[in-house]
>>> print(open('my_file_16.cif').read())   # mmCIF, C-alpha atoms
data_final
#
loop_
_atom_site.label_atom_id
_atom_site.label_comp_id
_atom_site.auth_asym_id
_atom_site.auth_seq_id
_atom_site.Cartn_x
_atom_site.Cartn_y
_atom_site.Cartn_z
CA MET A 236 76.32 -39.07 63.60
CA VAL A 237 74.14 -37.33 61.03
CA PHE A 238 70.66 -35.95 61.76
CA PHE A 239 67.85 -34.33 59.79
CA THR A 240 65.09 -31.94 60.81
CA ALA A 241 62.82 -29.29 59.32
CA ASP A 242 60.37 -26.55 60.18
CA THR A 243 61.52 -25.61 63.66
CA HIS A 244 60.18 -22.07 63.09
CA PHE A 245 62.01 -20.71 66.12
CA GLY A 246 60.33 -17.53 67.38
CA ASP A 247 57.12 -18.15 65.41
CA ASP A 248 54.09 -18.06 67.70
CA ALA A 249 51.74 -18.28 64.71
CA ILE A 250 53.11 -21.72 63.71
CA ARG A 251 52.77 -22.87 67.31
CA ARG A 252 49.05 -22.10 67.17
CA TYR A 253 48.50 -23.11 63.53
CA GLU A 254 50.09 -26.54 63.99
CA ASN A 255 48.69 -27.05 67.50
CA ARG A 256 52.16 -27.49 68.94
CA PRO A 257 51.89 -28.61 72.57
CA PHE A 258 53.52 -25.55 74.12
CA SER A 259 51.89 -22.73 76.09
CA ASP A 260 53.82 -19.95 74.35
CA VAL A 261 56.61 -19.35 71.86
CA ASN A 262 59.32 -19.16 74.55
CA GLU A 263 58.35 -22.58 75.89
CA MET A 264 58.33 -23.93 72.33
CA ASP A 265 61.78 -22.54 71.54
CA GLU A 266 63.30 -23.84 74.76
CA ALA A 267 61.73 -27.28 74.24
CA LEU A 268 63.06 -27.43 70.66
CA ILE A 269 66.56 -26.54 71.88
CA THR A 270 66.44 -29.07 74.72
CA ARG A 271 65.14 -31.86 72.50
CA TRP A 272 67.67 -31.06 69.74
CA ASN A 273 70.56 -31.21 72.21
CA SER A 274 69.20 -34.40 73.79
CA VAL A 275 70.00 -36.33 70.60
CA VAL A 276 72.65 -34.24 68.79
CA ALA A 277 76.17 -34.09 70.18
CA PRO A 278 78.56 -31.19 69.46
CA GLU A 279 80.53 -33.32 66.97
CA ASP A 280 77.42 -34.43 65.00
CA THR A 281 76.09 -33.03 61.72
CA VAL A 282 72.55 -31.72 61.25
CA PHE A 283 70.85 -30.97 57.95
CA HIS A 284 68.00 -28.53 58.56
CA LEU A 285 65.58 -28.77 55.64
CA GLY A 286 64.20 -25.27 55.83
CA ASP A 287 62.15 -22.83 57.87
CA PHE A 288 64.61 -22.61 60.72
CA CYS A 289 63.47 -19.33 62.26
CA CYS A 290 60.66 -16.84 61.93
CA ASN A 291 62.41 -13.46 62.00
CA GLY A 292 65.84 -14.13 60.59
CA THR A 293 68.37 -16.40 62.23
CA ASP A 294 69.70 -15.40 65.59
CA ALA A 295 73.36 -16.42 65.90
CA ALA A 296 73.02 -16.79 69.68
CA LEU A 297 70.12 -19.21 69.22
CA LEU A 298 71.96 -21.20 66.56
CA ALA A 299 75.02 -21.38 68.82
CA ARG A 300 72.92 -23.06 71.53
CA LEU A 301 72.18 -25.99 69.19
CA ASN A 302 74.70 -28.84 69.09
CA GLY A 303 76.30 -30.01 65.88
CA THR A 304 77.60 -28.61 62.63
CA LYS A 305 74.51 -27.29 60.91
CA PHE A 306 73.70 -27.16 57.19
CA LEU A 307 70.62 -25.40 55.80
CA VAL A 308 68.56 -26.30 52.75
CA ARG A 309 66.57 -23.11 52.33
CA GLY A 310 62.83 -23.17 52.93
CA ASN A 311 60.15 -20.71 51.96
CA HIS A 312 60.79 -18.68 55.14
CA GLU A 313 64.51 -18.17 54.49
CA THR A 314 64.36 -14.84 52.67
CA LYS A 315 67.76 -13.30 53.40
CA PRO A 316 70.97 -13.82 51.37
CA ASN A 317 72.92 -17.03 51.99
CA ALA A 318 75.76 -15.02 53.54
CA TYR A 319 73.39 -13.95 56.31
CA TYR A 320 72.73 -17.58 57.33
CA ARG A 321 76.42 -18.49 57.09
CA GLN A 322 77.30 -15.51 59.29
CA ALA A 323 74.69 -16.70 61.82
CA GLY A 324 76.46 -20.05 62.06
CA PHE A 325 75.32 -22.46 59.35
CA ALA A 326 78.33 -24.23 57.81
CA GLU A 327 76.69 -24.09 54.38
CA VAL A 328 73.41 -22.96 52.84
CA TYR A 329 71.80 -24.55 49.79
CA ASP A 330 69.31 -22.79 47.49
CA HIS A 331 68.03 -26.00 45.93
CA PRO A 332 67.60 -29.66 46.90
CA ILE A 333 70.87 -31.52 47.34
CA LEU A 334 71.91 -35.13 46.90
CA TYR A 335 73.32 -36.68 50.07
CA ASP A 336 75.30 -39.92 50.12
CA GLY A 337 74.42 -40.67 46.48
CA PHE A 338 70.79 -41.64 47.22
CA TRP A 339 69.03 -39.16 49.51
CA LEU A 340 67.44 -36.05 48.00
CA LEU A 341 67.26 -33.40 50.70
CA SER A 342 64.62 -30.75 50.05
CA HIS A 343 62.34 -28.38 51.87
CA GLU A 344 59.21 -29.29 49.91
CA PRO A 345 58.44 -32.92 49.03
CA LEU A 346 59.75 -34.04 45.65
CA TYR A 347 58.22 -36.54 43.28
CA VAL A 348 60.13 -39.79 43.69
CA CYS A 349 58.70 -43.13 42.62
CA GLU A 350 59.79 -46.75 42.95
CA ASN A 351 61.49 -46.64 39.55
CA MET A 352 63.87 -43.89 40.60
CA PRO A 353 67.11 -44.65 42.45
CA TYR A 354 66.48 -42.01 45.14
CA ALA A 355 64.62 -41.35 48.35
CA ASN A 356 63.46 -37.90 49.45
CA LEU A 357 63.86 -36.41 52.92
CA PHE A 358 61.74 -33.29 53.22
CA GLY A 359 59.86 -30.85 55.44
CA HIS A 360 57.34 -28.09 54.69
CA VAL A 361 54.13 -30.11 55.17
CA HIS A 362 54.24 -30.13 58.99
CA ALA A 363 51.49 -32.47 60.27
CA SER A 364 49.29 -32.35 57.17
CA PRO A 365 47.34 -35.62 56.82
CA LEU A 366 47.79 -35.39 53.04
CA TYR A 367 51.35 -36.66 53.48
CA ARG A 368 52.37 -39.87 55.21
CA ASP A 369 55.22 -39.86 57.69
CA PHE A 370 57.23 -42.12 55.42
CA SER A 371 57.03 -44.54 52.50
CA PRO A 372 59.76 -46.60 50.84
CA HIS A 373 60.84 -43.44 48.99
CA HIS A 374 59.96 -40.52 51.26
CA PHE A 375 60.44 -39.43 54.87
CA CYS A 376 59.04 -36.22 56.37
CA VAL A 377 61.39 -34.80 59.02
CA CYS A 378 59.13 -31.94 60.17
CA VAL A 379 59.46 -31.51 63.91
CA GLU A 380 55.76 -32.23 64.41
CA ARG A 381 56.34 -35.77 63.11
CA CYS A 382 59.63 -36.45 64.90
CA ASP A 383 58.89 -35.61 68.55
CA PHE A 384 60.16 -32.05 67.99
CA LYS A 385 63.79 -33.14 67.58
CA PRO A 386 66.16 -34.13 64.77
CA VAL A 387 65.96 -37.71 63.54
CA SER A 388 69.12 -39.75 63.00
CA PHE A 389 70.25 -41.02 59.64
CA GLU A 390 70.28 -44.55 61.09
CA THR A 391 66.61 -44.26 62.06
CA LEU A 392 65.72 -42.98 58.60
CA LYS A 393 67.58 -45.80 56.86
CA LYS A 394 65.85 -48.41 59.03
CA ALA A 395 62.44 -46.95 58.24
CA LEU A 396 62.99 -46.59 54.50
CA CYS A 397 65.22 -49.56 53.70
CA ARG A 398 63.06 -52.43 54.86
#
>>> encode(input="my_file_16.cif", output="structure tokens")
Amino acid sequence: MVFFTADTHFGDDAIRRYENRPFSDVNEMDEALITRWNSVVAPEDTVFHLGDFCCNGTDAALLARLNGTKFLVRGNHETKPNAYYRQAGFAEVYDHPILYDGFWLLSHEPLYVCENMPYANLFGHVHASPLYRDFSPHHFCVCVERCDFKPVSFETLKKALCR
């Protein structure tokens, strides 16, 4: 199976407070994110992380605790060279939005996509901001705050967007 997520911000106590995440401290948040990730993602699955994986660089031991083959579309908090993230355990790292399965634009920040375009955009970055809806016929926000703090399956996304 294929999954999508964004904005885990492992190790980032400031984001826990800023986004009112329901965890008492950063350690509880990190452990809950790992548990919830692994509750839906199997070792043989694929996960596209759409940016802002970790606060202080990517810890290979942390990444190894997460099931699946992981791909990273860089977010505004990924500041190290791509080789760093590959060495930590991401199968591939992308500097720019990518096209997945001929229709799905995967990006960190939301992209402009309208009904006249033959694409839909999966994105992160906006967390729980009320300025952005969870999804529309052409967009789906996969920030952890909107997806019960776990990756969302491609099947779920297609059902929501392709009505």
>>> closest_residue(input="my_file_16.cif", among="A:Tyr335, A:Phe288, A:Trp272, A:Tyr367", to="A:Asp242", atoms="all atoms listed in the file")
A:Phe288
>>> residues_around(input="my_file_16.cif", residues="A:Cys349", least_positions_apart="6", cutoff="12 Å", atoms="all atoms listed in the file", output="list in words")
Ala355, Asn356, Ser371, Pro372, His373 and His374 of chain A
>>> atom_distance(input="my_file_16.cif", atom1="atom CA of A:His343", atom2="atom CA of A:Phe239")
11.3 Å
>>> resolve_selection(input="my_file_16.cif", expression="the PyMOL selection byres ((chain A and resi 362) around 8)", output="PyMOL selection string")
chain A and resi 242+254+359-361+363-364+378-381
>>> closest_residue(input="my_file_16.cif", among="A:Arg251, A:Ala241, A:Ala267, A:Val261", to="A:Pro345", atoms="all atoms listed in the file")
A:Ala241
>>> resolve_selection(input="my_file_16.cif", expression="the PyMOL selection byres ((chain A and resi 325) around 9)", output="NGL selection string")
:A and (298 or 304-307 or 320-324 or 326-328)
>>> atom_distance(input="my_file_16.cif", atom1="atom CA of A:Val387", atom2="atom CA of A:Phe238")
5.3 Å
>>> closest_residue(input="my_file_16.cif", among="A:Arg300, A:Leu396, A:His312, A:Thr281", to="A:Glu350", atoms="only C-alpha atoms")
A:Leu396
>>> decode(input="my_file_16.cif", residues="stretch 309-325 of chain A", atoms="all heavy atoms", output="PDB file, in the first residue's frame")
ATOM      1  N   ARG A 309      10.984  17.566   0.158  1.00  0.00           N
ATOM      2  CA  ARG A 309      11.530  18.504   1.136  1.00  0.00           C
ATOM      3  C   ARG A 309      10.531  19.596   1.508  1.00  0.00           C
ATOM      4  O   ARG A 309       9.843  20.134   0.662  1.00  0.00           O
ATOM      5  CB  ARG A 309      12.789  19.156   0.581  1.00  0.00           C
ATOM      6  CG  ARG A 309      13.946  18.192   0.411  1.00  0.00           C
ATOM      7  CD  ARG A 309      15.090  18.868  -0.304  1.00  0.00           C
ATOM      8  NE  ARG A 309      15.659  19.906   0.543  1.00  0.00           N
ATOM      9  CZ  ARG A 309      16.822  19.788   1.178  1.00  0.00           C
ATOM     10  NH1 ARG A 309      17.553  18.697   1.045  1.00  0.00           N
ATOM     11  NH2 ARG A 309      17.276  20.766   1.928  1.00  0.00           N
ATOM     12  N   GLY A 310      10.528  19.914   2.812  1.00  0.00           N
ATOM     13  CA  GLY A 310       9.747  21.027   3.320  1.00  0.00           C
ATOM     14  C   GLY A 310      10.662  22.165   3.716  1.00  0.00           C
ATOM     15  O   GLY A 310      11.882  22.080   3.547  1.00  0.00           O
ATOM     16  N   ASN A 311      10.098  23.198   4.283  1.00  0.00           N
ATOM     17  CA  ASN A 311      10.895  24.360   4.651  1.00  0.00           C
ATOM     18  C   ASN A 311      11.815  24.094   5.843  1.00  0.00           C
ATOM     19  O   ASN A 311      12.730  24.864   6.100  1.00  0.00           O
ATOM     20  CB  ASN A 311      10.008  25.577   4.920  1.00  0.00           C
ATOM     21  CG  ASN A 311       8.903  25.310   5.905  1.00  0.00           C
ATOM     22  OD1 ASN A 311       8.031  24.482   5.643  1.00  0.00           O
ATOM     23  ND2 ASN A 311       8.912  25.991   7.031  1.00  0.00           N
ATOM     24  N   HIS A 312      11.627  22.990   6.560  1.00  0.00           N
ATOM     25  CA  HIS A 312      12.511  22.650   7.673  1.00  0.00           C
ATOM     26  C   HIS A 312      13.600  21.649   7.290  1.00  0.00           C
ATOM     27  O   HIS A 312      14.452  21.333   8.124  1.00  0.00           O
ATOM     28  CB  HIS A 312      11.710  22.116   8.865  1.00  0.00           C
ATOM     29  CG  HIS A 312      10.935  23.195   9.548  1.00  0.00           C
ATOM     30  ND1 HIS A 312      11.454  23.985  10.544  1.00  0.00           N
ATOM     31  CD2 HIS A 312       9.672  23.625   9.350  1.00  0.00           C
ATOM     32  CE1 HIS A 312      10.551  24.849  10.937  1.00  0.00           C
ATOM     33  NE2 HIS A 312       9.451  24.650  10.233  1.00  0.00           N
ATOM     34  N   GLU A 313      13.600  21.150   6.080  1.00  0.00           N
ATOM     35  CA  GLU A 313      14.692  20.289   5.611  1.00  0.00           C
ATOM     36  C   GLU A 313      15.772  21.193   5.026  1.00  0.00           C
ATOM     37  O   GLU A 313      15.641  21.687   3.910  1.00  0.00           O
ATOM     38  CB  GLU A 313      14.198  19.280   4.572  1.00  0.00           C
ATOM     39  CG  GLU A 313      13.631  18.017   5.169  1.00  0.00           C
ATOM     40  CD  GLU A 313      12.194  18.141   5.630  1.00  0.00           C
ATOM     41  OE1 GLU A 313      11.369  18.717   4.920  1.00  0.00           O
ATOM     42  OE2 GLU A 313      11.886  17.636   6.728  1.00  0.00           O
ATOM     43  N   THR A 314      16.819  21.421   5.803  1.00  0.00           N
ATOM     44  CA  THR A 314      17.846  22.396   5.413  1.00  0.00           C
ATOM     45  C   THR A 314      19.194  21.768   5.068  1.00  0.00           C
ATOM     46  O   THR A 314      20.096  22.461   4.628  1.00  0.00           O
ATOM     47  CB  THR A 314      18.051  23.421   6.547  1.00  0.00           C
ATOM     48  OG1 THR A 314      18.439  22.715   7.735  1.00  0.00           O
ATOM     49  CG2 THR A 314      16.774  24.214   6.812  1.00  0.00           C
ATOM     50  N   LYS A 315      19.321  20.479   5.277  1.00  0.00           N
ATOM     51  CA  LYS A 315      20.595  19.804   5.002  1.00  0.00           C
ATOM     52  C   LYS A 315      20.596  19.266   3.566  1.00  0.00           C
ATOM     53  O   LYS A 315      19.556  19.173   2.928  1.00  0.00           O
ATOM     54  CB  LYS A 315      20.807  18.687   6.015  1.00  0.00           C
ATOM     55  CG  LYS A 315      20.879  19.207   7.455  1.00  0.00           C
ATOM     56  CD  LYS A 315      21.195  18.113   8.420  1.00  0.00           C
ATOM     57  CE  LYS A 315      21.092  18.556   9.850  1.00  0.00           C
ATOM     58  NZ  LYS A 315      22.106  19.410  10.328  1.00  0.00           N
ATOM     59  N   PRO A 316      21.761  18.888   3.045  1.00  0.00           N
ATOM     60  CA  PRO A 316      21.841  18.331   1.685  1.00  0.00           C
ATOM     61  C   PRO A 316      21.021  17.037   1.567  1.00  0.00           C
ATOM     62  O   PRO A 316      20.841  16.303   2.548  1.00  0.00           O
ATOM     63  CB  PRO A 316      23.327  18.055   1.486  1.00  0.00           C
ATOM     64  CG  PRO A 316      24.027  18.882   2.509  1.00  0.00           C
ATOM     65  CD  PRO A 316      23.082  19.008   3.667  1.00  0.00           C
ATOM     66  N   ASN A 317      20.560  16.749   0.373  1.00  0.00           N
ATOM     67  CA  ASN A 317      19.755  15.543   0.132  1.00  0.00           C
ATOM     68  C   ASN A 317      20.480  14.271   0.575  1.00  0.00           C
ATOM     69  O   ASN A 317      19.849  13.335   1.069  1.00  0.00           O
ATOM     70  CB  ASN A 317      19.368  15.436  -1.335  1.00  0.00           C
ATOM     71  CG  ASN A 317      18.320  16.457  -1.719  1.00  0.00           C
ATOM     72  OD1 ASN A 317      17.816  17.201  -0.882  1.00  0.00           O
ATOM     73  ND2 ASN A 317      17.991  16.512  -2.997  1.00  0.00           N
ATOM     74  N   ALA A 318      21.783  14.230   0.404  1.00  0.00           N
ATOM     75  CA  ALA A 318      22.558  13.048   0.804  1.00  0.00           C
ATOM     76  C   ALA A 318      22.399  12.762   2.295  1.00  0.00           C
ATOM     77  O   ALA A 318      22.383  11.600   2.717  1.00  0.00           O
ATOM     78  CB  ALA A 318      24.028  13.236   0.453  1.00  0.00           C
ATOM     79  N   TYR A 319      22.267  13.783   3.089  1.00  0.00           N
ATOM     80  CA  TYR A 319      22.064  13.615   4.529  1.00  0.00           C
ATOM     81  C   TYR A 319      20.790  12.817   4.804  1.00  0.00           C
ATOM     82  O   TYR A 319      20.783  11.893   5.621  1.00  0.00           O
ATOM     83  CB  TYR A 319      22.004  14.992   5.197  1.00  0.00           C
ATOM     84  CG  TYR A 319      21.577  14.941   6.640  1.00  0.00           C
ATOM     85  CD1 TYR A 319      22.503  14.699   7.655  1.00  0.00           C
ATOM     86  CD2 TYR A 319      20.248  15.132   6.998  1.00  0.00           C
ATOM     87  CE1 TYR A 319      22.112  14.648   8.983  1.00  0.00           C
ATOM     88  CE2 TYR A 319      19.850  15.074   8.318  1.00  0.00           C
ATOM     89  CZ  TYR A 319      20.786  14.839   9.300  1.00  0.00           C
ATOM     90  OH  TYR A 319      20.389  14.783  10.608  1.00  0.00           O
ATOM     91  N   TYR A 320      19.692  13.173   4.120  1.00  0.00           N
ATOM     92  CA  TYR A 320      18.401  12.503   4.342  1.00  0.00           C
ATOM     93  C   TYR A 320      18.410  11.080   3.774  1.00  0.00           C
ATOM     94  O   TYR A 320      17.805  10.180   4.348  1.00  0.00           O
ATOM     95  CB  TYR A 320      17.265  13.338   3.761  1.00  0.00           C
ATOM     96  CG  TYR A 320      17.201  14.704   4.412  1.00  0.00           C
ATOM     97  CD1 TYR A 320      17.671  15.831   3.750  1.00  0.00           C
ATOM     98  CD2 TYR A 320      16.721  14.849   5.707  1.00  0.00           C
ATOM     99  CE1 TYR A 320      17.644  17.073   4.357  1.00  0.00           C
ATOM    100  CE2 TYR A 320      16.700  16.091   6.325  1.00  0.00           C
ATOM    101  CZ  TYR A 320      17.165  17.200   5.649  1.00  0.00           C
ATOM    102  OH  TYR A 320      17.160  18.428   6.267  1.00  0.00           O
ATOM    103  N   ARG A 321      19.104  10.891   2.657  1.00  0.00           N
ATOM    104  CA  ARG A 321      19.244   9.531   2.120  1.00  0.00           C
ATOM    105  C   ARG A 321      20.046   8.663   3.084  1.00  0.00           C
ATOM    106  O   ARG A 321      19.696   7.513   3.336  1.00  0.00           O
ATOM    107  CB  ARG A 321      19.910   9.569   0.749  1.00  0.00           C
ATOM    108  CG  ARG A 321      19.007  10.084  -0.351  1.00  0.00           C
ATOM    109  CD  ARG A 321      19.668   9.929  -1.731  1.00  0.00           C
ATOM    110  NE  ARG A 321      19.032  10.822  -2.674  1.00  0.00           N
ATOM    111  CZ  ARG A 321      19.541  11.986  -3.084  1.00  0.00           C
ATOM    112  NH1 ARG A 321      20.732  12.396  -2.676  1.00  0.00           N
ATOM    113  NH2 ARG A 321      18.875  12.730  -3.948  1.00  0.00           N
ATOM    114  N   GLN A 322      21.118   9.208   3.626  1.00  0.00           N
ATOM    115  CA  GLN A 322      21.951   8.465   4.576  1.00  0.00           C
ATOM    116  C   GLN A 322      21.149   8.097   5.822  1.00  0.00           C
ATOM    117  O   GLN A 322      21.333   7.027   6.401  1.00  0.00           O
ATOM    118  CB  GLN A 322      23.161   9.319   4.974  1.00  0.00           C
ATOM    119  CG  GLN A 322      24.016   8.695   6.038  1.00  0.00           C
ATOM    120  CD  GLN A 322      25.376   8.302   5.519  1.00  0.00           C
ATOM    121  OE1 GLN A 322      25.802   8.756   4.479  1.00  0.00           O
ATOM    122  NE2 GLN A 322      26.050   7.451   6.239  1.00  0.00           N
ATOM    123  N   ALA A 323      20.218   8.963   6.221  1.00  0.00           N
ATOM    124  CA  ALA A 323      19.387   8.698   7.401  1.00  0.00           C
ATOM    125  C   ALA A 323      18.373   7.588   7.143  1.00  0.00           C
ATOM    126  O   ALA A 323      17.877   6.984   8.084  1.00  0.00           O
ATOM    127  CB  ALA A 323      18.671   9.970   7.831  1.00  0.00           C
ATOM    128  N   GLY A 324      18.054   7.339   5.854  1.00  0.00           N
ATOM    129  CA  GLY A 324      17.148   6.236   5.566  1.00  0.00           C
ATOM    130  C   GLY A 324      16.032   6.507   4.583  1.00  0.00           C
ATOM    131  O   GLY A 324      15.248   5.602   4.284  1.00  0.00           O
ATOM    132  N   PHE A 325      15.913   7.721   4.062  1.00  0.00           N
ATOM    133  CA  PHE A 325      14.920   7.958   3.020  1.00  0.00           C
ATOM    134  C   PHE A 325      15.413   7.336   1.715  1.00  0.00           C
ATOM    135  O   PHE A 325      16.578   7.469   1.350  1.00  0.00           O
ATOM    136  CB  PHE A 325      14.669   9.463   2.812  1.00  0.00           C
ATOM    137  CG  PHE A 325      13.789  10.075   3.863  1.00  0.00           C
ATOM    138  CD1 PHE A 325      14.341  10.824   4.895  1.00  0.00           C
ATOM    139  CD2 PHE A 325      12.413   9.892   3.828  1.00  0.00           C
ATOM    140  CE1 PHE A 325      13.532  11.383   5.880  1.00  0.00           C
ATOM    141  CE2 PHE A 325      11.603  10.441   4.803  1.00  0.00           C
ATOM    142  CZ  PHE A 325      12.163  11.191   5.831  1.00  0.00           C
TER     143      PHE A 325
END
